[in-house]
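Structure, as structure tokens:
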Amino acid sequence: MAINSLDPRIKRADLAGASGFTALSEREHWEPYAVFHQDKRGEQHIFVGIVHAPDPELALVFAKEQFGRRKKTVNIWVVRSSDIFTFAHEDEDMFATIPEKIYREAAGYPVRKRINKYLHDLEESHK
Amino acid sequence: MYGNAYIEKDAKPISVENEDEEKLAAFEARITRGEKIEPDDWMPAEYRKQLTRMIEQHAHSEIMGALPEGTWITRAPSFKRKLALVAKVQDEVGHGHLLYSAAETLGKTREAMIGDLLTGKSKYSNIFNYPAKSWADIAVIGFLVDAGAIINQLANAKGSYGPYCRALERICYEESFHLKQGYDAFVALATGTPAQREMLQDAVNRWWPPMMHFFGPPDKLSVHTERLMRWKVKMASNEDMRQEFLEQYVPKIWELGITLPDPKLKKNEATGIWEYTEPDWDEFFRVINGDGPCNAERMAVRRYAEQHGHWVREALRSPSHAQEVPYA
């Protein structure tokens with residue numbers, strides 16, 4: 001198929017073989033890796049998205065291109081998406097009572113209030 | 001880049017008949033509360049289908065949109081313009097990757113999506129089926145097409161599907177550079193020599209009709225559209241987005257003494273609505289269905305890339321198939 005393109009490179013390219021189309025095989029575009037980006041030493045790596053790669057080494061190369069081409073980056077992790085284990089979002093009610101667990105918080109222990117009451121009572125008893 | 005991707009002429013009404021009523025009500029209530037839907041959440045089959053199609057078309061548009069601009073990398077007028085164009089084209093392809101990944105969370109594989117693009121089953125934004133004849137076309141694409149894309153994507157970023165919103169957040173951030181470098185190239189020509197101005201005016205004249213098509217024909221008020229908007233799949237009507245585009249960008253073009261090829265185009269100061277000549281929607285559908293000036297070239301180039309990359313992908317997938325005997 002001759003293509004009369006405005007682009008000299010496309011005109012030169014032999015696109016003849018490109019008219020037929022063979023369906024892509026499953027996972028021909030490899031498997032997904034989750035990418036974790038660190039913008040500053042000392043900070044946590046944060047999940048930023050996915051790349052597809054045939055192996056971890058190439059996943060790092062693609063992650064650098066995709067998530068490290070702007071702003072500051074000091075490090076990147078990649079993890080095979082299939083190696084990530086999660087709870088289901090529909091089970092989020094298992095975390096529902098956590099904000100009620102005030103005994104796990106410093107604010108759950110009003111020490112000063114007790115001292116003030118004690119000092120107040122002491123003062124009263126000396127009157 | 002993106003635009004009018006959400007095309008379905010003669011759309012069948014969305015059916016939720018077979019859905020569990022209780023689950024559907026809970027799902028819709030979550031969206032109304034502004035919560036995001038995540039891949040492992042329950043969702044109506046139609047929500048999954050419509051979103052998959054929409055994100056997939058968006059991904060294809062990013063990849064195909066890189067083609068008209070890519071043809072000008074080797075012919076950019078200066079080193080700085082070339083660097084900017086290379087960076088922009090790389091961003092667009094990166095956006096394609098982000099969006100394919102977001103669509104994959106809904107269950108369709110990237111291979112299946114690319115397969116549907118290459119067989120013509122799946123569509124991409126119509127505007128990329130027009131040729132970039134001169135450098136001024138690249139300025140017009142970078143400025144106006146990306147401006148349109150930003151309006152569309154900022155709206156969609158407030159949608160209900162978590163992975164799509166997160167991808168769009170990053171995409172919009174990068175698009176702001178695309179728009180600015182396009183505006184810069186546009187202004188450079190508009191404030192340049194008479195020949196440069198003439199070249200720009202010619203490009204604007206040619207890109208204006210596809211730009212008016214960009215957001216798609218006005219939506220029919222239908223149960224279909226109403227449901228998509230309630231599900232926050234579609235976030236703004238096509239006409240609202242077109243009005244916003246005209247409001248923001250027509251004054252910027254006129255300010256430079258560049259004209260637009262529509263004698264009726266003006267803002268009705270009483271209503272605040274931009275009036276224009278009705279775009280040729282027959283042409284719009286003709287081009288979508290394959291009969292545009294560049295459809296064949298775009299598809300051929302994309303197929304060529306896919307086919308010629310096949311052995312590389314295979315080789316990388318099976319590095320154990322190494323050549324063990326010396327070649328010579």
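Letters A, B, ... mark the chains of the structure tokens in the order given; residue numbers begin at 1 per chain; ligand numbers begin at 1, in order shown.
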Write out, as CSV, each residue of chain B that has an atom at most 7 Å from chain A, together with the closest pair of atoms and their distance in Å to one decimal, counting only C-alpha atoms, rows going by chain and rising number.
residue,atom,partner,partner_atom,distance
B:Asp40,CA,A:His89,CA,6.6
B:Asp41,CA,A:His89,CA,6.4
B:Thr71,CA,A:Asp7,CA,5.7
B:Gly94,CA,A:Gln66,CA,6.1
B:Ser101,CA,A:Ile50,CA,6.6
B:Glu111,CA,A:Leu24,CA,5.8
B:Gly115,CA,A:Ala23,CA,6.0
B:Lys133,CA,A:Leu6,CA,6.8
B:Glu297,CA,A:Ile3,CA,6.3
B:Ala300,CA,A:Ala18,CA,5.7
B:Arg303,CA,A:Ala18,CA,5.5
B:Tyr304,CA,A:Ala18,CA,4.9
B:Arg313,CA,A:Glu28,CA,6.9
B:Leu316,CA,A:Pro54,CA,6.2
B:Arg317,CA,A:Pro54,CA,5.1
Residues flagged alpha helix (DSSP H) by DSSP in region 214-243 of chain B, as a compact mmCIF listing (two decimals) with C-alpha atoms, in the first residue's frame:
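Contents of the output file states39.txt:
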# COMPACT_ATOMS: atom_id res chain seq x y z
CA VAL B 223 -31.88 8.83 29.27
CA HIS B 224 -28.51 7.54 28.06
CA THR B 225 -26.72 10.86 28.56
CA GLU B 226 -28.57 11.54 31.77
CA ARG B 227 -27.46 8.23 33.28
CA LEU B 228 -23.84 8.72 32.16
CA MET B 229 -23.81 12.11 33.82
CA ARG B 230 -25.40 10.76 37.00
CA ASN B 238 -20.24 18.53 24.47
CA GLU B 239 -21.76 21.94 23.84
CA ASP B 240 -20.76 23.26 27.29
CA MET B 241 -17.16 22.25 26.63
CA ARG B 242 -17.22 23.85 23.18
CA GLN B 243 -18.58 27.08 24.69
Item to check | strand (DSSP E) per DSSP on the backbone: members of region 55-291 of chain B, as a list in words | outcome: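 Residues meeting the strand (DSSP E) criterion: Lys266, Lys267, Asn268, Ile273, Trp274 and Glu275 of chain B.
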May I have the selected residues written with N, CA and C atoms, as a PDB file, in the first residue's frame?
ATOM      1  N   LYS B 266     -19.429  34.904  16.929  1.00  0.00           N
ATOM      2  CA  LYS B 266     -19.358  36.040  17.842  1.00  0.00           C
ATOM      3  C   LYS B 266     -20.040  35.683  19.150  1.00  0.00           C
ATOM      4  N   LYS B 267     -19.650  36.423  20.180  1.00  0.00           N
ATOM      5  CA  LYS B 267     -20.293  36.184  21.463  1.00  0.00           C
ATOM      6  C   LYS B 267     -21.531  37.062  21.557  1.00  0.00           C
ATOM      7  N   ASN B 268     -22.625  36.434  21.864  1.00  0.00           N
ATOM      8  CA  ASN B 268     -23.857  37.194  22.094  1.00  0.00           C
ATOM      9  C   ASN B 268     -23.774  37.767  23.510  1.00  0.00           C
ATOM     10  N   ILE B 273     -23.566  33.599  25.267  1.00  0.00           N
ATOM     11  CA  ILE B 273     -23.315  32.371  24.506  1.00  0.00           C
ATOM     12  C   ILE B 273     -22.641  32.699  23.180  1.00  0.00           C
ATOM     13  N   TRP B 274     -21.659  31.879  22.813  1.00  0.00           N
ATOM     14  CA  TRP B 274     -20.990  32.055  21.533  1.00  0.00           C
ATOM     15  C   TRP B 274     -21.857  31.486  20.426  1.00  0.00           C
ATOM     16  N   GLU B 275     -22.011  32.282  19.366  1.00  0.00           N
ATOM     17  CA  GLU B 275     -22.789  31.832  18.210  1.00  0.00           C
ATOM     18  C   GLU B 275     -21.823  31.512  17.088  1.00  0.00           C
TER      19      GLU B 275
END
Checklist entry - For His178 (chain B), which residue out of B:Tyr164, B:Phe143, B:Phe245, B:Trp311 is the nearest one, using only C-alpha atoms? => result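 Going through B:Tyr164, B:Phe143, B:Phe245, B:Trp311 one by one, the smallest distance to His178 (chain B) is for B:Phe143.
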List the neighbours of Asn289 (chain B) out to 9 Å using only C-alpha atoms; skip same-chain residues closer than 3 positions along the sequence, and give me the result as an mmCIF file with C-alpha atoms, in the first residue's frame.
data_model
loop_
_atom_site.group_PDB
_atom_site.id
_atom_site.type_symbol
_atom_site.label_atom_id
_atom_site.label_comp_id
_atom_site.auth_asym_id
_atom_site.auth_seq_id
_atom_site.Cartn_x
_atom_site.Cartn_y
_atom_site.Cartn_z
ATOM 1 C CA GLY B 120 -10.763 -0.308 13.290
ATOM 2 C CA LYS B 123 -12.121 4.701 17.545
ATOM 3 C CA PHE B 284 -17.426 14.522 11.126
ATOM 4 C CA PHE B 285 -19.110 11.110 10.917
ATOM 5 C CA ARG B 286 -17.585 10.419 7.508
ATOM 6 C CA GLY B 292 -10.737 11.333 6.329
#
Item to check | Residues near Lys108 (chain B), cut-off 10 Å, only C-alpha atoms, skip fewer than 3 positions along chain, as a list in words | outcome: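 The filter keeps Lys49, Thr52, Arg53, Glu56, Tyr100, Ser101, Ala103, Glu104, Thr105, Glu111, Ala112 and Met113 of chain B.
Residues in contact with Gly159 (chain B) at up to 7 Å, not including ones fewer than 3 positions away on its chain and judged by only C-alpha atoms, are Asn156, Cys165, Lys232, Val233 and Met235 of chain B.
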Checklist entry - Could you pull the residues within 10 Å of region 82-92 of chain B, counting only C-alpha atoms, minus those fewer than 5 positions along the same chain, as a count of residues only? => result 34
